[in-house]
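Below is the file input09.cif, which contains mmCIF, N, CA and C atoms and all ligand atoms.
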```
data_run
loop_
_atom_site.label_atom_id
_atom_site.label_comp_id
_atom_site.auth_asym_id
_atom_site.auth_seq_id
_atom_site.Cartn_x
_atom_site.Cartn_y
_atom_site.Cartn_z
N MET A 20 169.94 153.54 48.34
CA MET A 20 168.61 153.98 48.72
C MET A 20 168.14 155.07 47.76
N ILE A 21 166.83 155.16 47.62
CA ILE A 21 166.28 156.27 46.83
C ILE A 21 166.04 157.44 47.79
N ILE A 22 166.66 158.57 47.47
CA ILE A 22 166.55 159.77 48.29
C ILE A 22 165.77 160.81 47.49
N ALA A 23 164.65 161.26 48.04
CA ALA A 23 163.88 162.32 47.40
C ALA A 23 164.55 163.66 47.72
N LEU A 24 164.59 164.53 46.73
CA LEU A 24 165.24 165.83 46.92
C LEU A 24 164.33 166.92 46.37
N GLY A 25 164.07 167.93 47.19
CA GLY A 25 163.21 169.02 46.74
C GLY A 25 163.64 170.36 47.31
N SER A 26 163.28 171.41 46.63
CA SER A 26 163.58 172.75 47.13
C SER A 26 162.61 173.75 46.51
N ASP A 27 162.62 174.96 47.06
CA ASP A 27 161.99 176.07 46.35
C ASP A 27 163.09 176.77 45.56
N HIS A 28 162.84 178.01 45.15
CA HIS A 28 163.80 178.73 44.32
C HIS A 28 165.12 178.99 45.03
N ALA A 29 165.12 178.93 46.37
CA ALA A 29 166.38 179.14 47.11
C ALA A 29 167.43 178.10 46.70
N GLY A 30 166.98 176.97 46.23
CA GLY A 30 167.91 175.93 45.78
C GLY A 30 168.62 176.29 44.50
N TYR A 31 168.19 177.40 43.88
CA TYR A 31 168.82 177.83 42.62
C TYR A 31 169.39 179.23 42.72
N GLU A 32 169.56 179.72 43.96
CA GLU A 32 170.14 181.05 44.14
C GLU A 32 171.66 180.96 44.18
N GLY A 33 172.32 182.06 43.81
CA GLY A 33 173.77 182.14 43.96
C GLY A 33 174.54 181.56 42.79
N GLU A 34 175.86 181.70 42.89
CA GLU A 34 176.73 181.26 41.78
C GLU A 34 176.76 179.75 41.65
N THR A 35 176.72 179.07 42.79
CA THR A 35 176.67 177.60 42.76
C THR A 35 175.35 177.17 43.37
N PRO A 36 174.34 176.95 42.53
CA PRO A 36 173.04 176.56 43.07
C PRO A 36 173.16 175.27 43.89
N TYR A 37 172.55 175.30 45.07
CA TYR A 37 172.72 174.17 46.00
C TYR A 37 172.00 172.90 45.53
N LYS A 38 170.80 173.05 44.98
CA LYS A 38 170.03 171.82 44.73
C LYS A 38 170.73 170.88 43.75
N PRO A 39 171.17 171.37 42.57
CA PRO A 39 171.88 170.45 41.68
C PRO A 39 173.17 169.91 42.31
N ALA A 40 173.85 170.76 43.08
CA ALA A 40 175.09 170.31 43.73
C ALA A 40 174.78 169.22 44.76
N MET A 41 173.69 169.37 45.47
CA MET A 41 173.30 168.36 46.46
C MET A 41 172.89 167.07 45.77
N GLN A 42 172.21 167.20 44.64
CA GLN A 42 171.84 165.99 43.88
C GLN A 42 173.10 165.23 43.46
N HIS A 43 174.04 165.96 42.92
CA HIS A 43 175.29 165.34 42.48
C HIS A 43 175.99 164.67 43.66
N TYR A 44 176.00 165.36 44.80
CA TYR A 44 176.67 164.81 45.98
C TYR A 44 175.99 163.52 46.46
N ILE A 45 174.68 163.55 46.53
CA ILE A 45 173.94 162.37 47.01
C ILE A 45 174.17 161.19 46.06
N GLU A 46 174.20 161.46 44.77
CA GLU A 46 174.46 160.39 43.79
C GLU A 46 175.89 159.87 43.92
N SER A 47 176.81 160.77 44.26
CA SER A 47 178.21 160.34 44.42
C SER A 47 178.37 159.40 45.62
N LEU A 48 177.41 159.43 46.53
CA LEU A 48 177.43 158.51 47.68
C LEU A 48 176.84 157.14 47.32
N GLY A 49 176.34 157.01 46.10
CA GLY A 49 175.81 155.73 45.65
C GLY A 49 174.30 155.63 45.72
N HIS A 50 173.63 156.71 46.06
CA HIS A 50 172.17 156.71 46.15
C HIS A 50 171.56 157.17 44.82
N THR A 51 170.28 156.87 44.67
CA THR A 51 169.51 157.37 43.53
C THR A 51 168.67 158.54 44.02
N VAL A 52 168.65 159.62 43.26
CA VAL A 52 167.87 160.78 43.66
C VAL A 52 166.55 160.83 42.90
N LEU A 53 165.49 160.99 43.66
CA LEU A 53 164.16 161.22 43.07
C LEU A 53 163.92 162.74 43.13
N ASP A 54 163.91 163.36 41.98
CA ASP A 54 163.82 164.82 41.92
C ASP A 54 162.38 165.27 42.12
N CYS A 55 162.14 166.04 43.17
CA CYS A 55 160.80 166.54 43.49
C CYS A 55 160.65 168.02 43.14
N GLY A 56 161.57 168.57 42.33
CA GLY A 56 161.50 169.98 41.95
C GLY A 56 161.89 170.88 43.12
N THR A 57 161.82 172.15 42.91
CA THR A 57 161.66 172.88 41.67
C THR A 57 162.94 172.76 40.85
N ASN A 58 162.93 173.28 39.65
CA ASN A 58 164.09 173.07 38.79
C ASN A 58 164.62 174.35 38.17
N GLY A 59 164.40 175.46 38.84
CA GLY A 59 164.92 176.72 38.32
C GLY A 59 164.73 177.83 39.33
N PRO A 60 165.26 179.03 39.03
CA PRO A 60 165.25 180.13 39.99
C PRO A 60 163.95 180.92 40.07
N GLU A 61 162.95 180.56 39.27
CA GLU A 61 161.69 181.31 39.32
C GLU A 61 161.04 181.11 40.69
N SER A 62 160.48 182.19 41.22
CA SER A 62 159.88 182.13 42.55
C SER A 62 158.69 181.17 42.59
N VAL A 63 158.73 180.29 43.57
CA VAL A 63 157.67 179.28 43.74
C VAL A 63 157.29 179.24 45.22
N ASP A 64 156.31 178.42 45.56
CA ASP A 64 155.84 178.30 46.94
C ASP A 64 156.34 176.98 47.53
N TYR A 65 157.16 177.08 48.58
CA TYR A 65 157.79 175.88 49.14
C TYR A 65 156.81 174.78 49.58
N PRO A 66 155.58 175.09 50.04
CA PRO A 66 154.70 173.97 50.44
C PRO A 66 154.38 173.02 49.29
N ASP A 67 154.38 173.55 48.06
CA ASP A 67 154.07 172.69 46.92
C ASP A 67 155.14 171.61 46.73
N PHE A 68 156.37 171.95 47.00
CA PHE A 68 157.45 171.00 46.79
C PHE A 68 157.63 170.09 48.00
N ALA A 69 157.34 170.62 49.16
CA ALA A 69 157.29 169.76 50.35
C ALA A 69 156.23 168.68 50.16
N ALA A 70 155.11 169.03 49.56
CA ALA A 70 154.02 168.07 49.36
C ALA A 70 154.42 166.98 48.37
N VAL A 71 155.10 167.36 47.30
CA VAL A 71 155.55 166.36 46.32
C VAL A 71 156.50 165.37 46.99
N LEU A 72 157.42 165.90 47.77
CA LEU A 72 158.40 165.03 48.43
C LEU A 72 157.74 164.16 49.51
N ALA A 73 156.85 164.74 50.29
CA ALA A 73 156.17 163.98 51.34
C ALA A 73 155.40 162.81 50.73
N LYS A 74 154.72 163.07 49.63
CA LYS A 74 153.94 162.02 48.96
C LYS A 74 154.86 160.88 48.52
N ALA A 75 156.02 161.23 48.00
CA ALA A 75 156.96 160.21 47.53
C ALA A 75 157.41 159.31 48.69
N ILE A 76 157.62 159.89 49.84
CA ILE A 76 158.05 159.09 50.99
C ILE A 76 156.89 158.27 51.54
N ILE A 77 155.74 158.90 51.67
CA ILE A 77 154.58 158.19 52.22
C ILE A 77 154.21 157.00 51.32
N GLU A 78 154.38 157.17 50.02
CA GLU A 78 154.06 156.08 49.07
C GLU A 78 155.24 155.13 48.85
N ASN A 79 156.29 155.29 49.66
CA ASN A 79 157.47 154.41 49.58
C ASN A 79 158.18 154.44 48.23
N ARG A 80 158.06 155.57 47.53
CA ARG A 80 158.86 155.71 46.31
C ARG A 80 160.25 156.23 46.64
N ALA A 81 160.44 156.67 47.85
CA ALA A 81 161.76 157.08 48.36
C ALA A 81 161.84 156.69 49.82
N GLY A 82 163.05 156.39 50.28
CA GLY A 82 163.23 155.98 51.67
C GLY A 82 163.38 157.16 52.61
N LEU A 83 164.10 158.16 52.16
CA LEU A 83 164.35 159.37 52.94
C LEU A 83 164.29 160.57 52.00
N GLY A 84 164.22 161.77 52.58
CA GLY A 84 164.16 162.96 51.73
C GLY A 84 164.99 164.11 52.28
N VAL A 85 165.43 164.95 51.37
CA VAL A 85 166.16 166.16 51.74
C VAL A 85 165.43 167.33 51.09
N LEU A 86 165.12 168.34 51.91
CA LEU A 86 164.44 169.55 51.43
C LEU A 86 165.30 170.78 51.71
N LEU A 87 165.19 171.73 50.83
CA LEU A 87 165.98 172.95 50.93
C LEU A 87 165.08 174.15 50.68
N CYS A 88 165.17 175.16 51.53
CA CYS A 88 164.58 176.47 51.21
C CYS A 88 165.54 177.52 51.77
N GLY A 89 165.10 178.74 51.88
CA GLY A 89 166.02 179.78 52.35
C GLY A 89 166.57 179.48 53.73
N THR A 90 165.67 179.13 54.62
CA THR A 90 166.08 178.83 56.00
C THR A 90 165.96 177.36 56.38
N GLY A 91 165.20 176.61 55.61
CA GLY A 91 164.85 175.24 55.98
C GLY A 91 163.63 175.19 56.87
N ILE A 92 163.15 176.36 57.30
CA ILE A 92 162.04 176.38 58.26
C ILE A 92 160.70 176.19 57.58
N GLY A 93 160.40 177.01 56.58
CA GLY A 93 159.08 176.94 55.96
C GLY A 93 158.82 175.59 55.32
N ILE A 94 159.81 175.09 54.62
CA ILE A 94 159.61 173.83 53.90
C ILE A 94 159.49 172.67 54.91
N GLY A 95 160.15 172.82 56.06
CA GLY A 95 160.03 171.82 57.12
C GLY A 95 158.65 171.85 57.76
N MET A 96 158.15 173.07 58.01
CA MET A 96 156.79 173.20 58.56
C MET A 96 155.78 172.55 57.63
N ALA A 97 155.94 172.82 56.35
CA ALA A 97 155.00 172.27 55.36
C ALA A 97 155.10 170.76 55.29
N ALA A 98 156.31 170.23 55.30
CA ALA A 98 156.49 168.77 55.21
C ALA A 98 155.85 168.07 56.40
N ASN A 99 155.96 168.69 57.58
CA ASN A 99 155.44 168.05 58.79
C ASN A 99 153.92 168.04 58.88
N LYS A 100 153.25 168.71 57.96
CA LYS A 100 151.78 168.64 57.90
C LYS A 100 151.30 167.34 57.28
N HIS A 101 152.22 166.57 56.70
CA HIS A 101 151.84 165.33 56.03
C HIS A 101 152.07 164.15 56.98
N ARG A 102 151.02 163.39 57.24
CA ARG A 102 151.09 162.28 58.18
C ARG A 102 152.16 161.27 57.75
N GLY A 103 153.01 160.94 58.70
CA GLY A 103 154.08 159.98 58.40
C GLY A 103 155.42 160.65 58.14
N ILE A 104 155.37 161.97 57.98
CA ILE A 104 156.62 162.70 57.76
C ILE A 104 157.14 163.23 59.09
N ARG A 105 158.41 163.00 59.33
CA ARG A 105 159.11 163.60 60.47
C ARG A 105 160.28 164.39 59.89
N ALA A 106 160.00 165.67 59.64
CA ALA A 106 160.99 166.54 59.00
C ALA A 106 161.74 167.33 60.05
N ALA A 107 163.06 167.34 59.96
CA ALA A 107 163.90 168.04 60.93
C ALA A 107 164.68 169.15 60.22
N THR A 108 164.45 170.38 60.65
CA THR A 108 165.25 171.50 60.16
C THR A 108 166.50 171.58 61.01
N CYS A 109 167.63 171.43 60.39
CA CYS A 109 168.88 171.31 61.15
C CYS A 109 169.87 172.41 60.75
N ALA A 110 170.40 173.06 61.76
CA ALA A 110 171.36 174.14 61.53
C ALA A 110 172.75 173.77 62.05
N THR A 111 172.87 172.61 62.68
CA THR A 111 174.19 172.14 63.11
C THR A 111 174.31 170.66 62.76
N LEU A 112 175.55 170.20 62.72
CA LEU A 112 175.80 168.79 62.42
C LEU A 112 175.21 167.89 63.51
N GLU A 113 175.30 168.36 64.74
CA GLU A 113 174.76 167.58 65.87
C GLU A 113 173.24 167.42 65.74
N MET A 114 172.58 168.49 65.32
CA MET A 114 171.13 168.39 65.12
C MET A 114 170.82 167.35 64.05
N ALA A 115 171.60 167.35 62.98
CA ALA A 115 171.37 166.39 61.90
C ALA A 115 171.54 164.96 62.42
N ARG A 116 172.59 164.73 63.17
CA ARG A 116 172.86 163.38 63.70
C ARG A 116 171.76 162.96 64.68
N LEU A 117 171.41 163.85 65.61
CA LEU A 117 170.41 163.49 66.62
C LEU A 117 169.01 163.35 66.03
N SER A 118 168.75 164.06 64.94
CA SER A 118 167.42 163.92 64.32
C SER A 118 167.20 162.52 63.77
N ARG A 119 168.29 161.84 63.44
CA ARG A 119 168.18 160.43 63.03
C ARG A 119 168.18 159.53 64.28
N GLU A 120 169.15 159.73 65.16
CA GLU A 120 169.30 158.82 66.31
C GLU A 120 168.07 158.82 67.21
N HIS A 121 167.54 160.00 67.52
CA HIS A 121 166.46 160.10 68.51
C HIS A 121 165.08 160.22 67.88
N ASN A 122 165.00 160.93 66.75
CA ASN A 122 163.69 161.27 66.18
C ASN A 122 163.33 160.46 64.96
N ASP A 123 164.26 159.64 64.48
CA ASP A 123 164.03 158.86 63.26
C ASP A 123 163.48 159.76 62.15
N ALA A 124 164.08 160.95 62.03
CA ALA A 124 163.63 161.89 60.99
C ALA A 124 163.73 161.22 59.62
N ASN A 125 162.69 161.38 58.83
CA ASN A 125 162.77 160.84 57.47
C ASN A 125 162.94 161.94 56.42
N VAL A 126 162.98 163.18 56.88
CA VAL A 126 163.27 164.30 55.97
C VAL A 126 164.23 165.27 56.67
N LEU A 127 165.29 165.61 55.99
CA LEU A 127 166.26 166.60 56.48
C LEU A 127 165.99 167.91 55.75
N CYS A 128 165.80 168.99 56.51
CA CYS A 128 165.52 170.30 55.90
C CYS A 128 166.71 171.23 56.17
N LEU A 129 167.17 171.86 55.12
CA LEU A 129 168.37 172.70 55.22
C LEU A 129 168.09 174.09 54.67
N GLY A 130 168.83 175.08 55.16
CA GLY A 130 168.64 176.47 54.75
C GLY A 130 169.79 176.97 53.89
N GLN A 131 169.47 177.30 52.65
CA GLN A 131 170.50 177.77 51.71
C GLN A 131 171.07 179.12 52.16
N ARG A 132 170.25 179.93 52.87
CA ARG A 132 170.74 181.24 53.31
C ARG A 132 171.41 181.17 54.68
N ILE A 133 171.41 179.98 55.25
CA ILE A 133 171.95 179.78 56.61
C ILE A 133 173.26 179.00 56.57
N LEU A 134 173.32 178.03 55.68
CA LEU A 134 174.44 177.08 55.65
C LEU A 134 175.24 177.23 54.37
N THR A 135 176.54 176.93 54.45
CA THR A 135 177.34 176.85 53.23
C THR A 135 177.00 175.53 52.53
N LEU A 136 177.38 175.45 51.27
CA LEU A 136 177.15 174.20 50.54
C LEU A 136 177.95 173.06 51.18
N ASP A 137 179.15 173.35 51.64
CA ASP A 137 179.94 172.31 52.30
C ASP A 137 179.25 171.82 53.57
N GLN A 138 178.67 172.73 54.31
CA GLN A 138 177.93 172.30 55.51
C GLN A 138 176.76 171.41 55.10
N CYS A 139 176.05 171.81 54.06
CA CYS A 139 174.90 171.00 53.62
C CYS A 139 175.33 169.59 53.27
N THR A 140 176.40 169.46 52.50
CA THR A 140 176.81 168.10 52.10
C THR A 140 177.31 167.31 53.31
N GLU A 141 177.99 167.99 54.22
CA GLU A 141 178.45 167.30 55.44
C GLU A 141 177.26 166.81 56.27
N PHE A 142 176.25 167.66 56.42
CA PHE A 142 175.06 167.28 57.19
C PHE A 142 174.36 166.10 56.50
N ILE A 143 174.24 166.18 55.18
CA ILE A 143 173.56 165.11 54.43
C ILE A 143 174.29 163.79 54.64
N LYS A 144 175.62 163.81 54.56
CA LYS A 144 176.39 162.56 54.71
C LYS A 144 176.17 161.95 56.09
N VAL A 145 176.30 162.78 57.11
CA VAL A 145 176.12 162.26 58.48
C VAL A 145 174.69 161.79 58.69
N TRP A 146 173.74 162.57 58.19
CA TRP A 146 172.32 162.22 58.37
C TRP A 146 172.01 160.89 57.70
N LEU A 147 172.51 160.70 56.48
CA LEU A 147 172.23 159.44 55.77
C LEU A 147 172.95 158.26 56.42
N ASP A 148 174.09 158.51 57.03
CA ASP A 148 174.89 157.43 57.62
C ASP A 148 174.44 157.06 59.03
N THR A 149 173.61 157.90 59.64
CA THR A 149 173.26 157.68 61.05
C THR A 149 171.95 156.91 61.16
N PRO A 150 171.97 155.74 61.81
CA PRO A 150 170.73 155.00 62.00
C PRO A 150 169.92 155.52 63.19
N PHE A 151 168.65 155.20 63.19
CA PHE A 151 167.79 155.45 64.35
C PHE A 151 168.27 154.56 65.48
N ASP A 152 168.38 155.13 66.68
CA ASP A 152 168.82 154.37 67.85
C ASP A 152 167.82 153.28 68.24
N GLY A 153 166.55 153.51 67.93
CA GLY A 153 165.52 152.56 68.35
C GLY A 153 165.36 152.61 69.87
N GLY A 154 164.84 151.54 70.42
CA GLY A 154 164.66 151.50 71.88
C GLY A 154 163.30 152.02 72.27
N ALA A 155 162.85 151.53 73.42
CA ALA A 155 161.46 151.79 73.85
C ALA A 155 161.15 153.28 73.98
N ARG A 156 162.08 154.04 74.56
CA ARG A 156 161.70 155.43 74.84
C ARG A 156 161.59 156.25 73.55
N HIS A 157 162.51 156.06 72.63
CA HIS A 157 162.42 156.83 71.38
C HIS A 157 161.20 156.37 70.57
N CYS A 158 160.97 155.07 70.53
CA CYS A 158 159.82 154.55 69.76
C CYS A 158 158.50 155.06 70.35
N ARG A 159 158.41 155.07 71.66
CA ARG A 159 157.18 155.55 72.31
C ARG A 159 156.90 157.00 71.92
N ARG A 160 157.94 157.81 71.93
CA ARG A 160 157.77 159.24 71.64
C ARG A 160 157.41 159.46 70.17
N ILE A 161 158.04 158.70 69.32
CA ILE A 161 157.74 158.84 67.89
C ILE A 161 156.32 158.38 67.59
N ASN A 162 155.90 157.31 68.26
CA ASN A 162 154.53 156.86 68.09
C ASN A 162 153.54 157.92 68.54
N LYS A 163 153.89 158.65 69.60
CA LYS A 163 153.00 159.72 70.07
C LYS A 163 152.91 160.85 69.04
N ILE A 164 153.99 161.12 68.35
CA ILE A 164 153.93 162.13 67.28
C ILE A 164 152.92 161.65 66.23
N GLY A 165 153.00 160.37 65.90
CA GLY A 165 152.13 159.83 64.84
C GLY A 165 150.67 159.88 65.24
C1 LIG B 201 161.64 182.31 50.01
O1 LIG B 201 161.98 183.64 49.79
C2 LIG B 201 161.84 181.96 51.47
O2 LIG B 201 160.88 182.58 52.25
C3 LIG B 201 161.83 180.46 51.64
O3 LIG B 201 162.83 179.90 50.86
C4 LIG B 201 162.05 179.94 53.04
O4 LIG B 201 163.17 180.51 53.62
C5 LIG B 201 160.91 179.94 53.95
O5 LIG B 201 160.96 179.42 55.08
#
```
So that I can check it, write out the structure of this file as structure tokens.
Amino acid sequence: MIIALGSDHAGYEGETPYKPAMQHYIESLGHTVLDCGTNGPESVDYPDFAAVLAKAIIENRAGLGVLLCGTGIGIGMAANKHRGIRAATCATLEMARLSREHNDANVLCLGQRILTLDQCTEFIKVWLDTPFDGGARHCRRINKIG
């Protein structure tokens, strides 16, 4: 699958920047990464990168997306302003799993200042591996979001 990946400068903070490491990890799972920026530690505005990633998903250039900012909150708020995006900010593995099973989330938002890199890769793996449960009740609720 093509996975869109985007972050603000938080993706390039610290000794091991998360965004390139996450790209490498997603590719190691056999997926292709569509890079939605940013690409360095200079301070940027997370809504700009959420918009690039949202557009890629809405236009079917990517099937799912992963976004990263300091907390995962701001970039998730911004992504959810785009019709057709269901972005889930997840701070636990269970949230990541349920965001696929119940909410059919198409964007996973993670916080570089909240999670370790190992947690991020673990969440990404489970999130990508977990299908939407489907069924009338989940579909009805998702349709109401739309
Ligand atoms: C940037 O400093 C920070 O505010 C941003 O990465 C994010 O945490 C916002 O929600």
Could you build a table of the residues in chain A lying no more than 9 Å from ligand LIG 201 (chain B), giving for each the nearest pair of atoms and their separation in Å rounded to one decimal place, using only C-alpha atoms and all ligand atoms, ordered by chain and ascending residue number, as JSON lines?
```
{"residue": "A:Ser26", "atom": "CA", "partner": "B:LIG201", "partner_atom": "O3", "distance": 8.1}
{"residue": "A:Asp27", "atom": "CA", "partner": "B:LIG201", "partner_atom": "O3", "distance": 6.0}
{"residue": "A:His28", "atom": "CA", "partner": "B:LIG201", "partner_atom": "O3", "distance": 6.7}
{"residue": "A:Ala29", "atom": "CA", "partner": "B:LIG201", "partner_atom": "O3", "distance": 5.2}
{"residue": "A:Gly30", "atom": "CA", "partner": "B:LIG201", "partner_atom": "O3", "distance": 8.2}
{"residue": "A:Ser62", "atom": "CA", "partner": "B:LIG201", "partner_atom": "C1", "distance": 7.7}
{"residue": "A:Val63", "atom": "CA", "partner": "B:LIG201", "partner_atom": "C1", "distance": 8.0}
{"residue": "A:Asp64", "atom": "CA", "partner": "B:LIG201", "partner_atom": "C1", "distance": 7.7}
{"residue": "A:Tyr65", "atom": "CA", "partner": "B:LIG201", "partner_atom": "C3", "distance": 6.6}
{"residue": "A:Leu87", "atom": "CA", "partner": "B:LIG201", "partner_atom": "O3", "distance": 7.6}
{"residue": "A:Cys88", "atom": "CA", "partner": "B:LIG201", "partner_atom": "O3", "distance": 3.9}
{"residue": "A:Gly89", "atom": "CA", "partner": "B:LIG201", "partner_atom": "O4", "distance": 3.2}
{"residue": "A:Thr90", "atom": "CA", "partner": "B:LIG201", "partner_atom": "O4", "distance": 4.1}
{"residue": "A:Gly91", "atom": "CA", "partner": "B:LIG201", "partner_atom": "O5", "distance": 5.8}
{"residue": "A:Ile92", "atom": "CA", "partner": "B:LIG201", "partner_atom": "O5", "distance": 4.5}
{"residue": "A:Gly93", "atom": "CA", "partner": "B:LIG201", "partner_atom": "O5", "distance": 3.2}
{"residue": "A:Ile94", "atom": "CA", "partner": "B:LIG201", "partner_atom": "O5", "distance": 5.9}
{"residue": "A:Gly95", "atom": "CA", "partner": "B:LIG201", "partner_atom": "O5", "distance": 7.9}
{"residue": "A:Met96", "atom": "CA", "partner": "B:LIG201", "partner_atom": "O5", "distance": 8.3}
{"residue": "A:Gly130", "atom": "CA", "partner": "B:LIG201", "partner_atom": "O4", "distance": 6.9}
{"residue": "A:Gln131", "atom": "CA", "partner": "B:LIG201", "partner_atom": "O3", "distance": 8.0}
{"residue": "A:Arg132", "atom": "CA", "partner": "B:LIG201", "partner_atom": "O4", "distance": 7.6}
```
Write the selection just made, keeping N, CA and C atoms, as a PDB file, in the coordinates of the input?
```
ATOM      1  N   SER A  26     163.280 171.410  46.630  1.00  0.00           N
ATOM      2  CA  SER A  26     163.580 172.750  47.130  1.00  0.00           C
ATOM      3  C   SER A  26     162.610 173.750  46.510  1.00  0.00           C
ATOM      4  N   ASP A  27     162.620 174.960  47.060  1.00  0.00           N
ATOM      5  CA  ASP A  27     161.990 176.070  46.350  1.00  0.00           C
ATOM      6  C   ASP A  27     163.090 176.770  45.560  1.00  0.00           C
ATOM      7  N   HIS A  28     162.840 178.010  45.150  1.00  0.00           N
ATOM      8  CA  HIS A  28     163.800 178.730  44.320  1.00  0.00           C
ATOM      9  C   HIS A  28     165.120 178.990  45.030  1.00  0.00           C
ATOM     10  N   ALA A  29     165.120 178.930  46.370  1.00  0.00           N
ATOM     11  CA  ALA A  29     166.380 179.140  47.110  1.00  0.00           C
ATOM     12  C   ALA A  29     167.430 178.100  46.700  1.00  0.00           C
ATOM     13  N   GLY A  30     166.980 176.970  46.230  1.00  0.00           N
ATOM     14  CA  GLY A  30     167.910 175.930  45.780  1.00  0.00           C
ATOM     15  C   GLY A  30     168.620 176.290  44.500  1.00  0.00           C
ATOM     16  N   SER A  62     160.480 182.190  41.220  1.00  0.00           N
ATOM     17  CA  SER A  62     159.880 182.130  42.550  1.00  0.00           C
ATOM     18  C   SER A  62     158.690 181.170  42.590  1.00  0.00           C
ATOM     19  N   VAL A  63     158.730 180.290  43.570  1.00  0.00           N
ATOM     20  CA  VAL A  63     157.670 179.280  43.740  1.00  0.00           C
ATOM     21  C   VAL A  63     157.290 179.240  45.220  1.00  0.00           C
ATOM     22  N   ASP A  64     156.310 178.420  45.560  1.00  0.00           N
ATOM     23  CA  ASP A  64     155.840 178.300  46.940  1.00  0.00           C
ATOM     24  C   ASP A  64     156.340 176.980  47.530  1.00  0.00           C
ATOM     25  N   TYR A  65     157.160 177.080  48.580  1.00  0.00           N
ATOM     26  CA  TYR A  65     157.790 175.880  49.140  1.00  0.00           C
ATOM     27  C   TYR A  65     156.810 174.780  49.580  1.00  0.00           C
ATOM     28  N   LEU A  87     165.190 171.730  50.830  1.00  0.00           N
ATOM     29  CA  LEU A  87     165.980 172.950  50.930  1.00  0.00           C
ATOM     30  C   LEU A  87     165.080 174.150  50.680  1.00  0.00           C
ATOM     31  N   CYS A  88     165.170 175.160  51.530  1.00  0.00           N
ATOM     32  CA  CYS A  88     164.580 176.470  51.210  1.00  0.00           C
ATOM     33  C   CYS A  88     165.540 177.520  51.770  1.00  0.00           C
ATOM     34  N   GLY A  89     165.100 178.740  51.880  1.00  0.00           N
ATOM     35  CA  GLY A  89     166.020 179.780  52.350  1.00  0.00           C
ATOM     36  C   GLY A  89     166.570 179.480  53.730  1.00  0.00           C
ATOM     37  N   THR A  90     165.670 179.130  54.620  1.00  0.00           N
ATOM     38  CA  THR A  90     166.080 178.830  56.000  1.00  0.00           C
ATOM     39  C   THR A  90     165.960 177.360  56.380  1.00  0.00           C
ATOM     40  N   GLY A  91     165.200 176.610  55.610  1.00  0.00           N
ATOM     41  CA  GLY A  91     164.850 175.240  55.980  1.00  0.00           C
ATOM     42  C   GLY A  91     163.630 175.190  56.870  1.00  0.00           C
ATOM     43  N   ILE A  92     163.150 176.360  57.300  1.00  0.00           N
ATOM     44  CA  ILE A  92     162.040 176.380  58.260  1.00  0.00           C
ATOM     45  C   ILE A  92     160.700 176.190  57.580  1.00  0.00           C
ATOM     46  N   GLY A  93     160.400 177.010  56.580  1.00  0.00           N
ATOM     47  CA  GLY A  93     159.080 176.940  55.960  1.00  0.00           C
ATOM     48  C   GLY A  93     158.820 175.590  55.320  1.00  0.00           C
ATOM     49  N   ILE A  94     159.810 175.090  54.620  1.00  0.00           N
ATOM     50  CA  ILE A  94     159.610 173.830  53.900  1.00  0.00           C
ATOM     51  C   ILE A  94     159.490 172.670  54.910  1.00  0.00           C
ATOM     52  N   GLY A  95     160.150 172.820  56.060  1.00  0.00           N
ATOM     53  CA  GLY A  95     160.030 171.820  57.120  1.00  0.00           C
ATOM     54  C   GLY A  95     158.650 171.850  57.760  1.00  0.00           C
ATOM     55  N   MET A  96     158.150 173.070  58.010  1.00  0.00           N
ATOM     56  CA  MET A  96     156.790 173.200  58.560  1.00  0.00           C
ATOM     57  C   MET A  96     155.780 172.550  57.630  1.00  0.00           C
ATOM     58  N   GLY A 130     168.830 175.080  55.160  1.00  0.00           N
ATOM     59  CA  GLY A 130     168.640 176.470  54.750  1.00  0.00           C
ATOM     60  C   GLY A 130     169.790 176.970  53.890  1.00  0.00           C
ATOM     61  N   GLN A 131     169.470 177.300  52.650  1.00  0.00           N
ATOM     62  CA  GLN A 131     170.500 177.770  51.710  1.00  0.00           C
ATOM     63  C   GLN A 131     171.070 179.120  52.160  1.00  0.00           C
ATOM     64  N   ARG A 132     170.250 179.930  52.870  1.00  0.00           N
ATOM     65  CA  ARG A 132     170.740 181.240  53.310  1.00  0.00           C
ATOM     66  C   ARG A 132     171.410 181.170  54.680  1.00  0.00           C
TER      67      ARG A 132
END
```
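Each of A:Pro66, A:Gly49, A:Gly154, A:Pro60 was compared to Tyr37 of chain A using only C-alpha atoms, and A:Pro60 turns out to be the nearest.
Using only N, CA and C atoms, the nearest neighbour of Trp146 of chain A within the list A:Thr51, A:Asn162, A:Thr108, A:Ser118 is A:Ser118.
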Query raised in the report: What is the atom CA of Gly165 of chain A-atom CA of Gly103 of chain A distance in Å, reported with one decimal?
Result: 6.7 Å
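Between atom CA of Thr35 of chain A and atom CA of Leu86 of chain A the separation is 17.0 Å.
Minimum atom-to-atom distances from A:Thr140, A:Asn125, A:Thr135, A:Thr149 to Gly33 of chain A were compared using only C-alpha atoms, and the lowest value belongs to A:Thr135.
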Query raised in the report: In Å, with one decimal, what is the gap from atom N of Asp137 of chain A to atom C of Leu24 of chain A?
Result: 17.0 Å
Requested in this report: Mind the document's chain letters and residue numbers, and return as JSON, numbers by chain the residues of chain A that DSSP labels strand (DSSP E or B).
Outcome: {"A": [21, 22, 23, 24, 25, 26, 51, 52, 53, 54, 83, 84, 85, 86, 87, 88, 106, 107, 108, 126, 127, 128, 129, 130]}
Query raised in the report: Nearest to Ala23 of chain A: which of A:Leu136, A:Ala115, A:Ile76, A:Ile104 is it, counting only C-alpha atoms?
Result: A:Ile76
**Report entry** Asp148 of chain A environment, 12 Å, only C-alpha atoms, sequence neighbours closer than 4 positions dropped, as a PyMOL selection string
**Finding:** chain A and resi 20+45+48+50+83+115-120+141-144
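With all atoms listed in the file as the atoms that count, the residue of A:Leu112, A:Leu147, A:His101, A:Gly84 with the shortest distance to Cys128 of chain A is A:Gly84.
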**Report entry** Counting only C-alpha atoms, the residue of A:Cys109, A:Ile164, A:Ala155, A:Ile77 that sits nearest Cys139 of chain A
**Finding:** A:Cys109
Query - Near-Lys100 of chain A list (10 Å; only C-alpha atoms; drop same-chain fewer than 5 positions) as a PyMOL selection string - result: chain A and resi 66+69-70+73+95+105-106
